[in-house]
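Notes to accompany the following structure.
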Amino acid sequence: MFLRIVEDDLGRDVANRVCELALSERVRSAGERQRLPLQARVGIDNRLLIDIIEQMEANLADPLRLADITPTTGLSRRQIERLFRREMGRSPKRYYLQLRLERAHLLLVNSSLPVFEIAVACGFSSASHFSRTYRETYGCTPQRTRLAELAHRQPSRSTSGEPGRVLPDMKVA
(Lines give C-alpha, C1' and ligand atoms only; values in the text may rest on other atoms or scores of the structure.)
Protein backbone atom coordinates (compact mmCIF):
# COMPACT_ATOMS: atom_id res chain seq x y z
CA MET A 1 0.00 0.00 0.00
CA PHE A 2 2.80 2.40 0.91
CA LEU A 3 4.54 1.80 -2.41
CA ARG A 4 1.31 2.44 -4.28
CA ILE A 5 1.03 5.83 -2.54
CA VAL A 6 4.66 6.66 -3.40
CA GLU A 7 4.03 5.63 -7.01
CA ASP A 8 0.87 7.76 -7.24
CA ASP A 9 2.57 10.80 -5.72
CA LEU A 10 6.11 10.57 -7.06
CA GLY A 11 6.02 8.19 -10.01
CA ARG A 12 7.02 4.63 -10.83
CA ASP A 13 10.77 5.38 -10.94
CA VAL A 14 10.81 6.64 -7.36
CA ALA A 15 8.64 3.72 -6.19
CA ASN A 16 11.02 1.27 -7.86
CA ARG A 17 14.01 2.92 -6.19
CA VAL A 18 12.26 2.55 -2.83
CA CYS A 19 11.66 -1.12 -3.71
CA GLU A 20 15.38 -1.56 -4.31
CA LEU A 21 16.18 -0.13 -0.91
CA ALA A 22 13.46 -2.24 0.66
CA LEU A 23 14.68 -5.37 -1.14
CA SER A 24 11.57 -5.55 -3.26
CA GLU A 25 11.75 -5.42 -7.03
CA ARG A 26 8.54 -3.58 -7.76
CA VAL A 27 5.09 -2.64 -6.50
CA ARG A 28 2.75 -5.65 -6.45
CA SER A 29 -0.85 -5.53 -7.60
CA ALA A 30 -3.43 -6.52 -5.00
CA GLY A 31 -3.87 -10.11 -6.22
CA GLU A 32 -0.19 -10.81 -6.90
CA ARG A 33 1.89 -13.06 -4.66
CA GLN A 34 4.35 -11.33 -2.34
CA ARG A 35 7.68 -12.75 -3.46
CA LEU A 36 8.75 -12.62 -7.06
CA PRO A 37 9.73 -15.86 -8.73
CA LEU A 38 13.48 -16.40 -8.88
CA GLN A 39 13.46 -16.06 -12.66
CA ALA A 40 12.17 -12.50 -12.37
CA ARG A 41 14.43 -11.62 -9.44
CA VAL A 42 17.68 -12.60 -11.16
CA GLY A 43 16.57 -11.88 -14.73
CA ILE A 44 17.51 -15.20 -16.34
CA ASP A 45 15.57 -17.77 -18.32
CA ASN A 46 17.85 -20.79 -17.96
CA ARG A 47 15.80 -23.40 -16.06
CA LEU A 48 18.86 -25.40 -14.95
CA LEU A 49 20.50 -22.30 -13.50
CA ILE A 50 17.28 -21.32 -11.74
CA ASP A 51 17.11 -24.81 -10.18
CA ILE A 52 20.70 -24.53 -8.96
CA ILE A 53 20.10 -21.08 -7.43
CA GLU A 54 16.91 -22.33 -5.76
CA GLN A 55 18.96 -25.12 -4.17
CA MET A 56 21.50 -22.57 -2.99
CA GLU A 57 18.81 -20.30 -1.51
CA ALA A 58 17.24 -23.25 0.29
CA ASN A 59 20.58 -24.15 1.87
CA LEU A 60 22.11 -20.92 3.16
CA ALA A 61 22.70 -22.18 6.71
CA ASP A 62 24.34 -25.38 5.54
CA PRO A 63 25.84 -24.56 2.13
CA LEU A 64 25.96 -27.32 -0.43
CA ARG A 65 29.16 -28.22 -2.20
CA LEU A 66 29.03 -27.92 -5.97
CA ALA A 67 29.56 -31.69 -6.12
CA ASP A 68 26.27 -32.12 -4.21
CA ILE A 69 24.41 -30.01 -6.76
CA THR A 70 25.77 -31.53 -9.97
CA PRO A 71 23.92 -34.90 -9.80
CA THR A 72 20.49 -33.24 -9.57
CA THR A 73 21.14 -31.09 -12.64
CA GLY A 74 22.81 -33.62 -14.89
CA LEU A 75 25.60 -31.11 -15.52
CA SER A 76 29.24 -31.52 -14.68
CA ARG A 77 30.99 -29.21 -12.25
CA ARG A 78 32.76 -27.50 -15.13
CA GLN A 79 29.50 -27.02 -17.06
CA ILE A 80 27.91 -25.39 -14.00
CA GLU A 81 30.91 -23.10 -13.57
CA ARG A 82 30.71 -22.03 -17.25
CA LEU A 83 26.96 -21.51 -16.95
CA PHE A 84 27.39 -19.24 -13.92
CA ARG A 85 30.18 -17.26 -15.56
CA ARG A 86 28.10 -16.73 -18.70
CA GLU A 87 24.74 -15.96 -17.07
CA MET A 88 25.71 -14.46 -13.70
CA GLY A 89 29.18 -13.05 -14.38
CA ARG A 90 30.79 -14.91 -11.48
CA SER A 91 31.62 -18.38 -10.25
CA PRO A 92 28.98 -20.45 -8.45
CA LYS A 93 31.06 -20.27 -5.27
CA ARG A 94 31.20 -16.45 -5.42
CA TYR A 95 27.47 -16.24 -6.19
CA TYR A 96 26.64 -18.54 -3.25
CA LEU A 97 28.82 -16.47 -0.93
CA GLN A 98 27.04 -13.31 -2.11
CA LEU A 99 23.64 -14.88 -1.31
CA ARG A 100 24.83 -15.81 2.18
CA LEU A 101 26.30 -12.36 2.83
CA GLU A 102 23.14 -10.62 1.62
CA ARG A 103 21.10 -12.75 4.01
CA ALA A 104 23.52 -11.94 6.83
CA HIS A 105 23.26 -8.23 6.05
CA LEU A 106 19.46 -8.39 6.24
CA LEU A 107 19.66 -10.19 9.58
CA LEU A 108 22.13 -7.63 10.93
CA VAL A 109 19.94 -4.65 10.14
CA ASN A 110 16.55 -6.26 10.83
CA SER A 111 17.10 -8.49 13.84
CA SER A 112 18.76 -8.46 17.22
CA LEU A 113 20.41 -11.86 16.76
CA PRO A 114 24.00 -11.99 17.99
CA VAL A 115 26.62 -11.85 15.24
CA PHE A 116 27.66 -15.43 16.00
CA GLU A 117 24.10 -16.70 15.43
CA ILE A 118 23.88 -14.76 12.17
CA ALA A 119 27.20 -16.27 11.09
CA VAL A 120 25.90 -19.79 11.77
CA ALA A 121 22.52 -19.08 10.15
CA CYS A 122 24.35 -18.01 6.99
CA GLY A 123 26.68 -20.99 6.80
CA PHE A 124 29.90 -19.56 8.24
CA SER A 125 32.05 -21.80 10.40
CA SER A 126 32.98 -19.04 12.86
CA ALA A 127 32.11 -15.48 13.73
CA SER A 128 35.64 -14.36 12.88
CA HIS A 129 35.48 -15.92 9.40
CA PHE A 130 32.08 -14.28 8.87
CA SER A 131 33.30 -10.88 10.11
CA ARG A 132 36.40 -10.96 7.91
CA THR A 133 34.41 -11.97 4.79
CA TYR A 134 31.68 -9.44 5.55
CA ARG A 135 34.24 -6.64 6.00
CA GLU A 136 35.96 -7.54 2.70
CA THR A 137 32.62 -7.32 0.90
CA TYR A 138 30.86 -4.40 2.62
CA GLY A 139 33.87 -2.39 3.76
CA CYS A 140 32.92 -2.42 7.44
CA THR A 141 32.40 -4.93 10.22
CA PRO A 142 29.02 -6.52 10.97
CA GLN A 143 28.96 -4.67 14.30
CA ARG A 144 29.53 -1.33 12.58
CA THR A 145 26.73 -2.09 10.11
CA ARG A 146 24.36 -2.82 12.97
CA LEU A 147 25.37 0.31 14.89
CA ALA A 148 24.97 2.47 11.78
CA GLU A 149 21.50 1.04 11.17
CA LEU A 150 20.48 1.63 14.78
CA ALA A 151 21.75 5.22 14.62
CA HIS A 152 19.89 5.73 11.35
CA ARG A 153 16.63 4.53 12.92
CA GLN A 154 16.93 6.72 16.02
CA PRO A 155 15.12 10.04 15.77
CA SER A 156 17.39 12.99 16.31
CA ARG A 157 16.97 14.73 19.65
CA SER A 158 17.45 18.36 20.41
CA THR A 159 18.69 19.72 23.71
CA SER A 160 15.11 20.73 24.47
CA GLY A 161 14.03 17.09 24.28
CA GLU A 162 11.83 17.55 21.22
CA PRO A 163 12.28 14.68 18.76
CA GLY A 164 13.14 15.64 15.22
CA ARG A 165 14.14 19.22 16.00
CA VAL A 166 17.88 19.76 16.07
CA LEU A 167 19.17 22.99 17.53
CA PRO A 168 22.31 24.56 16.10
CA ASP A 169 25.50 24.25 18.11
CA MET A 170 26.01 27.23 20.36
CA LYS A 171 29.41 28.67 21.11
CA VAL A 172 30.17 29.18 24.75
CA ALA A 173 32.11 32.31 25.60
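FYI, nothing fancy with the C-alpha coordinates labels: chains A, B, ... in order, residues from 1 per chain, ligands from 1 as they appear.
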
Contacts of Ser128 of chain A at 9 Å or less, counting only C-alpha atoms, minus same-chain residues fewer than 4 places along, as number ranges by chain? A: 116, 119, 132-133

Segment 44-58 of chain A: which residues within 12 Å, counting only C-alpha atoms, same-chain residues fewer than 5 positions away excluded, as a CSV table (one decimal) with all heavy atoms, in the first residue's frame?
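The resulting part_10.csv:
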chain,number,residue,atom,x,y,z
A,37,PRO,N,9.0,-14.6,-8.4
A,37,PRO,CA,9.7,-15.9,-8.7
A,37,PRO,C,11.2,-15.6,-9.0
A,37,PRO,O,11.6,-14.5,-9.4
A,37,PRO,CB,9.0,-16.3,-10.0
A,37,PRO,CG,7.8,-15.5,-10.1
A,37,PRO,CD,8.0,-14.3,-9.3
A,38,LEU,N,12.0,-16.6,-8.7
A,38,LEU,CA,13.5,-16.4,-8.9
A,38,LEU,C,13.8,-15.9,-10.3
A,38,LEU,O,14.7,-15.1,-10.4
A,38,LEU,CB,14.2,-17.7,-8.6
A,38,LEU,CG,15.7,-17.7,-8.7
A,38,LEU,CD1,16.3,-16.7,-7.7
A,38,LEU,CD2,16.2,-19.1,-8.4
A,39,GLN,N,13.2,-16.4,-11.3
A,39,GLN,CA,13.5,-16.1,-12.7
A,39,GLN,C,13.4,-14.5,-12.8
A,39,GLN,O,14.2,-13.9,-13.5
A,39,GLN,CB,12.5,-16.8,-13.6
A,39,GLN,CG,12.7,-16.5,-15.1
A,39,GLN,CD,11.8,-17.3,-15.9
A,39,GLN,OE1,11.0,-18.1,-15.5
A,39,GLN,NE2,11.9,-17.1,-17.2
A,63,PRO,N,25.6,-24.6,3.6
A,63,PRO,CA,25.8,-24.6,2.1
A,63,PRO,C,26.2,-25.9,1.5
A,63,PRO,O,27.0,-26.7,2.1
A,63,PRO,CB,27.0,-23.6,2.0
A,63,PRO,CG,27.0,-22.8,3.3
A,63,PRO,CD,26.4,-23.8,4.3
A,64,LEU,N,25.7,-26.1,0.3
A,64,LEU,CA,26.0,-27.3,-0.4
A,64,LEU,C,27.3,-27.1,-1.2
A,64,LEU,O,27.6,-26.0,-1.6
A,64,LEU,CB,24.9,-27.6,-1.5
A,64,LEU,CG,23.4,-27.8,-1.0
A,64,LEU,CD1,22.5,-27.7,-2.1
A,64,LEU,CD2,23.3,-29.1,-0.2
A,65,ARG,N,28.0,-28.2,-1.3
A,65,ARG,CA,29.2,-28.2,-2.2
A,65,ARG,C,28.7,-28.3,-3.6
A,65,ARG,O,27.6,-28.9,-3.9
A,65,ARG,CB,30.1,-29.4,-1.9
A,65,ARG,CG,30.7,-29.3,-0.5
A,65,ARG,CD,31.4,-30.6,-0.1
A,65,ARG,NE,30.7,-31.7,-0.6
A,65,ARG,CZ,31.3,-32.9,-1.0
A,65,ARG,NH1,32.6,-33.0,-0.9
A,65,ARG,NH2,30.6,-33.9,-1.5
A,66,LEU,N,29.4,-27.8,-4.6
A,66,LEU,CA,29.0,-27.9,-6.0
A,66,LEU,C,28.9,-29.4,-6.4
A,66,LEU,O,28.0,-29.7,-7.2
A,66,LEU,CB,30.0,-27.2,-6.9
A,66,LEU,CG,29.6,-26.8,-8.3
A,66,LEU,CD1,28.3,-26.1,-8.3
A,66,LEU,CD2,30.7,-26.0,-9.0
A,67,ALA,N,29.7,-30.3,-5.8
A,67,ALA,CA,29.6,-31.7,-6.1
A,67,ALA,C,28.2,-32.3,-5.7
A,67,ALA,O,27.7,-33.2,-6.3
A,67,ALA,CB,30.7,-32.4,-5.4
A,68,ASP,N,27.6,-31.7,-4.7
A,68,ASP,CA,26.3,-32.1,-4.2
A,68,ASP,C,25.2,-31.7,-5.1
A,68,ASP,O,24.1,-32.2,-5.2
A,68,ASP,CB,26.0,-31.6,-2.8
A,68,ASP,CG,27.0,-32.1,-1.8
A,68,ASP,OD1,27.5,-33.3,-2.0
A,68,ASP,OD2,27.2,-31.4,-0.8
A,69,ILE,N,25.4,-30.6,-5.9
A,69,ILE,CA,24.4,-30.0,-6.8
A,69,ILE,C,24.4,-30.7,-8.1
A,69,ILE,O,23.4,-30.9,-8.8
A,69,ILE,CB,24.6,-28.5,-6.9
A,69,ILE,CG1,24.4,-27.8,-5.5
A,69,ILE,CG2,23.7,-27.9,-7.9
A,69,ILE,CD1,24.7,-26.3,-5.5
A,70,THR,N,25.6,-31.0,-8.6
A,70,THR,CA,25.8,-31.5,-10.0
A,70,THR,C,24.9,-32.7,-10.3
A,70,THR,O,24.3,-32.8,-11.4
A,70,THR,CB,27.2,-31.8,-10.3
A,70,THR,OG1,27.8,-32.7,-9.4
A,70,THR,CG2,28.1,-30.6,-10.4
A,71,PRO,N,24.7,-33.7,-9.4
A,71,PRO,CA,23.9,-34.9,-9.8
A,71,PRO,C,22.5,-34.6,-10.1
A,71,PRO,O,21.8,-35.1,-11.0
A,71,PRO,CB,24.0,-35.8,-8.6
A,71,PRO,CG,25.2,-35.4,-7.9
A,71,PRO,CD,25.4,-34.0,-8.1
A,72,THR,N,21.9,-33.6,-9.4
A,72,THR,CA,20.5,-33.2,-9.6
A,72,THR,C,20.2,-32.5,-10.9
A,72,THR,O,19.1,-32.4,-11.3
A,72,THR,CB,20.0,-32.4,-8.4
A,72,THR,OG1,20.7,-31.2,-8.3
A,72,THR,CG2,20.1,-33.2,-7.1
A,73,THR,N,21.3,-31.9,-11.4
A,73,THR,CA,21.1,-31.1,-12.6
A,73,THR,C,21.5,-31.9,-13.9
A,73,THR,O,21.1,-31.5,-15.0
A,73,THR,CB,22.0,-29.8,-12.6
A,73,THR,OG1,23.4,-30.2,-12.5
A,73,THR,CG2,21.7,-28.9,-11.4
A,74,GLY,N,22.3,-32.9,-13.7
A,74,GLY,CA,22.8,-33.6,-14.9
A,74,GLY,C,24.0,-32.9,-15.6
A,74,GLY,O,24.4,-33.4,-16.6
A,75,LEU,N,24.5,-31.8,-15.0
A,75,LEU,CA,25.6,-31.1,-15.5
A,75,LEU,C,26.8,-31.4,-14.7
A,75,LEU,O,26.8,-31.7,-13.5
A,75,LEU,CB,25.4,-29.6,-15.4
A,75,LEU,CG,24.2,-29.0,-16.2
A,75,LEU,CD1,24.0,-27.5,-15.9
A,75,LEU,CD2,24.3,-29.3,-17.7
A,77,ARG,N,30.5,-30.4,-13.0
A,77,ARG,CA,31.0,-29.2,-12.2
A,77,ARG,C,31.5,-28.1,-13.2
A,77,ARG,O,31.1,-26.9,-13.0
A,77,ARG,CB,32.1,-29.6,-11.3
A,77,ARG,CG,32.7,-28.5,-10.5
A,77,ARG,CD,34.0,-29.0,-9.7
A,77,ARG,NE,34.5,-27.9,-9.0
A,77,ARG,CZ,34.3,-27.7,-7.7
A,77,ARG,NH1,33.6,-28.5,-7.0
A,77,ARG,NH2,34.9,-26.6,-7.2
A,79,GLN,N,30.6,-27.6,-16.3
A,79,GLN,CA,29.5,-27.0,-17.1
A,79,GLN,C,28.7,-26.0,-16.2
A,79,GLN,O,28.3,-24.9,-16.7
A,79,GLN,CB,28.5,-28.1,-17.5
A,79,GLN,CG,29.1,-29.0,-18.7
A,79,GLN,CD,28.2,-30.2,-18.9
A,79,GLN,OE1,27.7,-30.9,-18.0
A,79,GLN,NE2,27.9,-30.4,-20.2
A,80,ILE,N,28.6,-26.3,-14.9
A,80,ILE,CA,27.9,-25.4,-14.0
A,80,ILE,C,28.7,-24.1,-13.8
A,80,ILE,O,28.2,-23.0,-13.8
A,80,ILE,CB,27.6,-26.1,-12.6
A,80,ILE,CG1,26.6,-27.1,-12.8
A,80,ILE,CG2,27.2,-25.0,-11.6
A,80,ILE,CD1,26.3,-27.9,-11.5
A,81,GLU,N,30.0,-24.3,-13.7
A,81,GLU,CA,30.9,-23.1,-13.6
A,81,GLU,C,30.8,-22.2,-14.8
A,81,GLU,O,30.7,-21.0,-14.7
A,81,GLU,CB,32.3,-23.5,-13.3
A,81,GLU,CG,32.5,-24.1,-11.9
A,81,GLU,CD,33.9,-24.7,-11.7
A,81,GLU,OE1,34.7,-24.9,-12.7
A,81,GLU,OE2,34.2,-25.0,-10.5
A,82,ARG,N,30.8,-22.8,-16.0
A,82,ARG,CA,30.7,-22.0,-17.2
A,82,ARG,C,29.4,-21.3,-17.3
A,82,ARG,O,29.2,-20.2,-17.7
A,82,ARG,CB,30.9,-22.9,-18.5
A,82,ARG,CG,32.4,-23.2,-18.7
A,82,ARG,CD,32.6,-23.8,-20.1
A,82,ARG,NE,31.9,-25.0,-20.4
A,82,ARG,CZ,32.3,-26.2,-20.3
A,82,ARG,NH1,33.6,-26.4,-19.9
A,82,ARG,NH2,31.6,-27.3,-20.5
A,83,LEU,N,28.3,-22.1,-16.9
A,83,LEU,CA,27.0,-21.5,-16.9
A,83,LEU,C,26.9,-20.3,-16.0
A,83,LEU,O,26.3,-19.2,-16.4
A,83,LEU,CB,26.0,-22.6,-16.5
A,83,LEU,CG,24.5,-22.2,-16.5
A,83,LEU,CD1,24.0,-21.9,-17.9
A,83,LEU,CD2,23.7,-23.4,-16.0
A,84,PHE,N,27.4,-20.4,-14.8
A,84,PHE,CA,27.4,-19.2,-13.9
A,84,PHE,C,28.2,-18.1,-14.5
A,84,PHE,O,27.8,-16.9,-14.4
A,84,PHE,CB,27.9,-19.6,-12.5
A,84,PHE,CG,26.8,-20.0,-11.6
A,84,PHE,CD1,26.3,-21.3,-11.5
A,84,PHE,CD2,26.3,-19.0,-10.7
A,84,PHE,CE1,25.3,-21.6,-10.6
A,84,PHE,CE2,25.3,-19.3,-9.8
A,84,PHE,CZ,24.8,-20.6,-9.8
A,85,ARG,N,29.4,-18.3,-15.0
A,85,ARG,CA,30.2,-17.3,-15.6
A,85,ARG,C,29.4,-16.5,-16.7
A,85,ARG,O,29.4,-15.3,-16.8
A,85,ARG,CB,31.5,-17.8,-16.1
A,85,ARG,CG,32.4,-18.2,-15.0
A,85,ARG,CD,33.6,-17.3,-14.9
A,85,ARG,NE,34.5,-17.8,-13.9
A,85,ARG,CZ,34.8,-17.2,-12.8
A,85,ARG,NH1,34.3,-16.0,-12.6
A,85,ARG,NH2,35.6,-17.7,-11.9
A,86,ARG,N,28.8,-17.3,-17.6
A,86,ARG,CA,28.1,-16.7,-18.7
A,86,ARG,C,26.9,-16.0,-18.3
A,86,ARG,O,26.6,-14.8,-18.7
A,86,ARG,CB,27.7,-17.8,-19.7
A,86,ARG,CG,27.1,-17.3,-21.0
A,86,ARG,CD,26.8,-18.4,-22.0
A,86,ARG,NE,25.6,-19.2,-21.5
A,86,ARG,CZ,25.7,-20.5,-21.3
A,86,ARG,NH1,26.8,-21.2,-21.6
A,86,ARG,NH2,24.6,-21.2,-20.9
A,87,GLU,N,26.0,-16.6,-17.4
A,87,GLU,CA,24.7,-16.0,-17.1
A,87,GLU,C,24.8,-15.0,-15.9
A,87,GLU,O,24.1,-14.0,-15.8
A,87,GLU,CB,23.7,-17.1,-16.7
A,87,GLU,CG,23.4,-18.0,-17.9
A,87,GLU,CD,22.5,-17.4,-18.9
A,87,GLU,OE1,21.8,-16.5,-18.7
A,87,GLU,OE2,22.6,-17.9,-20.1
A,88,MET,N,25.7,-15.3,-14.9
A,88,MET,CA,25.7,-14.5,-13.7
A,88,MET,C,27.0,-13.6,-13.5
A,88,MET,O,27.1,-12.8,-12.6
A,88,MET,CB,25.6,-15.4,-12.5
A,88,MET,CG,24.4,-16.3,-12.5
A,88,MET,SD,22.8,-15.4,-12.8
A,88,MET,CE,22.6,-14.6,-11.2
A,92,PRO,N,30.0,-20.0,-9.4
A,92,PRO,CA,29.0,-20.5,-8.5
A,92,PRO,C,29.3,-20.2,-7.0
A,92,PRO,O,28.5,-19.8,-6.2
A,92,PRO,CB,28.8,-21.9,-8.7
A,92,PRO,CG,29.7,-22.3,-9.9
A,92,PRO,CD,30.5,-21.1,-10.2
A,93,LYS,N,30.6,-20.5,-6.7
A,93,LYS,CA,31.1,-20.3,-5.3
A,93,LYS,C,30.9,-18.8,-4.9
A,93,LYS,O,30.4,-18.5,-3.8
A,93,LYS,CB,32.5,-20.7,-5.1
A,93,LYS,CG,33.1,-20.6,-3.8
A,93,LYS,CD,34.5,-21.1,-3.7
A,93,LYS,CE,35.1,-21.0,-2.3
A,93,LYS,NZ,36.4,-21.5,-2.2
A,94,ARG,N,31.3,-17.9,-5.7
A,94,ARG,CA,31.2,-16.5,-5.4
A,94,ARG,C,29.7,-16.0,-5.3
A,94,ARG,O,29.3,-15.3,-4.5
A,94,ARG,CB,31.9,-15.7,-6.5
A,94,ARG,CG,31.8,-14.2,-6.4
A,94,ARG,CD,32.3,-13.6,-5.1
A,94,ARG,NE,33.7,-13.8,-4.8
A,94,ARG,CZ,34.3,-13.4,-3.7
A,94,ARG,NH1,33.6,-12.8,-2.8
A,94,ARG,NH2,35.5,-13.6,-3.5
A,95,TYR,N,28.9,-16.6,-6.2
A,95,TYR,CA,27.5,-16.2,-6.2
A,95,TYR,C,26.8,-16.7,-4.9
A,95,TYR,O,26.1,-16.0,-4.2
A,95,TYR,CB,26.8,-16.9,-7.4
A,95,TYR,CG,25.3,-16.4,-7.5
A,95,TYR,CD1,24.9,-15.2,-8.0
A,95,TYR,CD2,24.3,-17.3,-6.9
A,95,TYR,CE1,23.6,-14.8,-8.1
A,95,TYR,CE2,23.0,-16.9,-7.0
A,95,TYR,CZ,22.6,-15.7,-7.6
A,95,TYR,OH,21.3,-15.2,-7.6
A,96,TYR,N,27.2,-18.0,-4.5
A,96,TYR,CA,26.6,-18.5,-3.3
A,96,TYR,C,27.1,-17.7,-2.1
A,96,TYR,O,26.3,-17.4,-1.2
A,96,TYR,CB,27.1,-20.0,-3.1
A,96,TYR,CG,26.3,-20.9,-2.4
A,96,TYR,CD1,26.6,-22.3,-2.4
A,96,TYR,CD2,25.1,-20.5,-1.7
A,96,TYR,CE1,25.8,-23.2,-1.7
A,96,TYR,CE2,24.3,-21.5,-1.0
A,96,TYR,CZ,24.7,-22.8,-1.0
A,96,TYR,OH,23.9,-23.7,-0.4
A,97,LEU,N,28.3,-17.3,-2.0
A,97,LEU,CA,28.8,-16.5,-0.9
A,97,LEU,C,28.1,-15.1,-0.9
A,97,LEU,O,27.7,-14.7,0.2
A,97,LEU,CB,30.3,-16.2,-1.1
A,97,LEU,CG,31.0,-15.3,0.0
A,97,LEU,CD1,30.8,-15.9,1.4
A,97,LEU,CD2,32.4,-15.1,-0.4
A,98,GLN,N,27.8,-14.6,-2.0
A,98,GLN,CA,27.0,-13.3,-2.1
A,98,GLN,C,25.6,-13.5,-1.5
A,98,GLN,O,25.2,-12.7,-0.8
A,98,GLN,CB,27.0,-12.8,-3.6
A,98,GLN,CG,26.2,-11.5,-3.7
A,98,GLN,CD,26.1,-11.1,-5.2
A,98,GLN,OE1,26.8,-11.7,-6.1
A,98,GLN,NE2,25.2,-10.2,-5.4
A,99,LEU,N,25.0,-14.6,-1.9
A,99,LEU,CA,23.6,-14.9,-1.3
A,99,LEU,C,23.7,-14.9,0.2
A,99,LEU,O,22.8,-14.4,0.9
A,99,LEU,CB,23.1,-16.2,-1.8
A,99,LEU,CG,22.6,-16.3,-3.3
A,99,LEU,CD1,22.2,-17.7,-3.6
A,99,LEU,CD2,21.4,-15.4,-3.5
A,100,ARG,N,24.7,-15.6,0.7
A,100,ARG,CA,24.8,-15.8,2.2
A,100,ARG,C,25.1,-14.5,2.9
A,100,ARG,O,24.6,-14.2,3.9
A,100,ARG,CB,25.9,-16.9,2.5
A,100,ARG,CG,25.5,-18.2,2.0
A,100,ARG,CD,26.6,-19.3,2.0
A,100,ARG,NE,27.4,-19.3,3.1
A,100,ARG,CZ,28.7,-19.4,3.1
A,100,ARG,NH1,29.4,-19.6,1.9
A,100,ARG,NH2,29.4,-19.4,4.2
A,101,LEU,N,26.0,-13.7,2.2
A,101,LEU,CA,26.3,-12.4,2.8
A,101,LEU,C,25.1,-11.4,2.8
A,101,LEU,O,24.9,-10.6,3.7
A,101,LEU,CB,27.5,-11.8,2.1
A,101,LEU,CG,28.9,-12.4,2.5
A,101,LEU,CD1,29.9,-11.9,1.5
A,101,LEU,CD2,29.2,-12.2,3.9
A,102,GLU,N,24.3,-11.5,1.7
A,102,GLU,CA,23.1,-10.6,1.6
A,102,GLU,C,22.1,-11.0,2.7
A,102,GLU,O,21.5,-10.1,3.3
A,102,GLU,CB,22.5,-10.7,0.2
A,102,GLU,CG,23.3,-10.0,-0.8
A,102,GLU,CD,22.7,-10.3,-2.2
A,102,GLU,OE1,21.8,-11.1,-2.4
A,102,GLU,OE2,23.3,-9.8,-3.2
A,103,ARG,N,22.0,-12.3,2.9
A,103,ARG,CA,21.1,-12.8,4.0
A,103,ARG,C,21.6,-12.3,5.4
A,103,ARG,O,20.9,-11.8,6.2
A,103,ARG,CB,21.0,-14.3,4.0
A,103,ARG,CG,20.2,-14.9,5.1
A,103,ARG,CD,18.8,-14.6,5.0
A,103,ARG,NE,18.1,-15.3,6.0
A,103,ARG,CZ,17.0,-14.9,6.6
A,103,ARG,NH1,16.4,-13.7,6.2
A,103,ARG,NH2,16.4,-15.5,7.6
A,121,ALA,N,23.7,-19.0,11.0
A,121,ALA,CA,22.5,-19.1,10.1
A,121,ALA,C,22.8,-18.9,8.7
A,121,ALA,O,22.0,-19.3,7.8
A,121,ALA,CB,21.5,-18.0,10.6
A,122,CYS,N,24.0,-18.3,8.4
A,122,CYS,CA,24.3,-18.0,7.0
A,122,CYS,C,25.5,-18.9,6.5
A,122,CYS,O,26.1,-18.6,5.5
A,122,CYS,CB,24.7,-16.5,6.8
A,122,CYS,SG,23.2,-15.5,7.1
A,123,GLY,N,25.8,-20.0,7.3
A,123,GLY,CA,26.7,-21.0,6.8
A,123,GLY,C,28.2,-20.7,7.0
A,123,GLY,O,29.0,-21.3,6.4

Enter the distance from atom CA of Leu150 of chain A to atom CA of Ser125 of chain A, in Å, rounded to one decimal. 26.5 Å

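Each of A:Ser91, A:Gln143, A:His129, A:Asp13 was checked against Arg78 of chain A using only C-alpha atoms; the smallest atom-to-atom distance is that of A:Ser91.
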
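By chain and then residue number, the residues within 7 Å of Ala15 of chain A are Leu3, Val6 and Glu7 of chain A, counting only C-alpha atoms and disregarding those fewer than 6 positions away in sequence.
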
Give me a file of those residues, with N, CA, C and O atoms, as a PDB file, in the first residue's frame.
ATOM      1  N   LEU A   3       3.888   1.625  -1.111  1.00  0.00           N
ATOM      2  CA  LEU A   3       4.537   1.797  -2.408  1.00  0.00           C
ATOM      3  C   LEU A   3       3.565   2.319  -3.455  1.00  0.00           C
ATOM      4  O   LEU A   3       3.946   3.074  -4.345  1.00  0.00           O
ATOM      5  N   VAL A   6       3.436   6.036  -2.866  1.00  0.00           N
ATOM      6  CA  VAL A   6       4.659   6.656  -3.397  1.00  0.00           C
ATOM      7  C   VAL A   6       4.578   6.736  -4.920  1.00  0.00           C
ATOM      8  O   VAL A   6       4.888   7.762  -5.516  1.00  0.00           O
ATOM      9  N   GLU A   7       4.141   5.653  -5.542  1.00  0.00           N
ATOM     10  CA  GLU A   7       4.031   5.629  -7.007  1.00  0.00           C
ATOM     11  C   GLU A   7       3.029   6.669  -7.497  1.00  0.00           C
ATOM     12  O   GLU A   7       3.300   7.399  -8.456  1.00  0.00           O
TER      13      GLU A   7
END

Among segment 57-133 of chain A, which ones does DSSP assign to helix (DSSP H, G or I) (computed from the backbone)? Answer as a PyMOL selection string. chain A and resi 57-58+66-73+77-88+92-110+115-121+127-133

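Between atom CA of Val18 of chain A and atom CA of Val115 of chain A lies a distance of 27.2 Å.
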
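Take the candidates A:Leu108, A:Ile118, A:Ser76, A:Ala127 and check each one against Leu60 of chain A using only C-alpha atoms; the shortest distance goes to A:Ile118.
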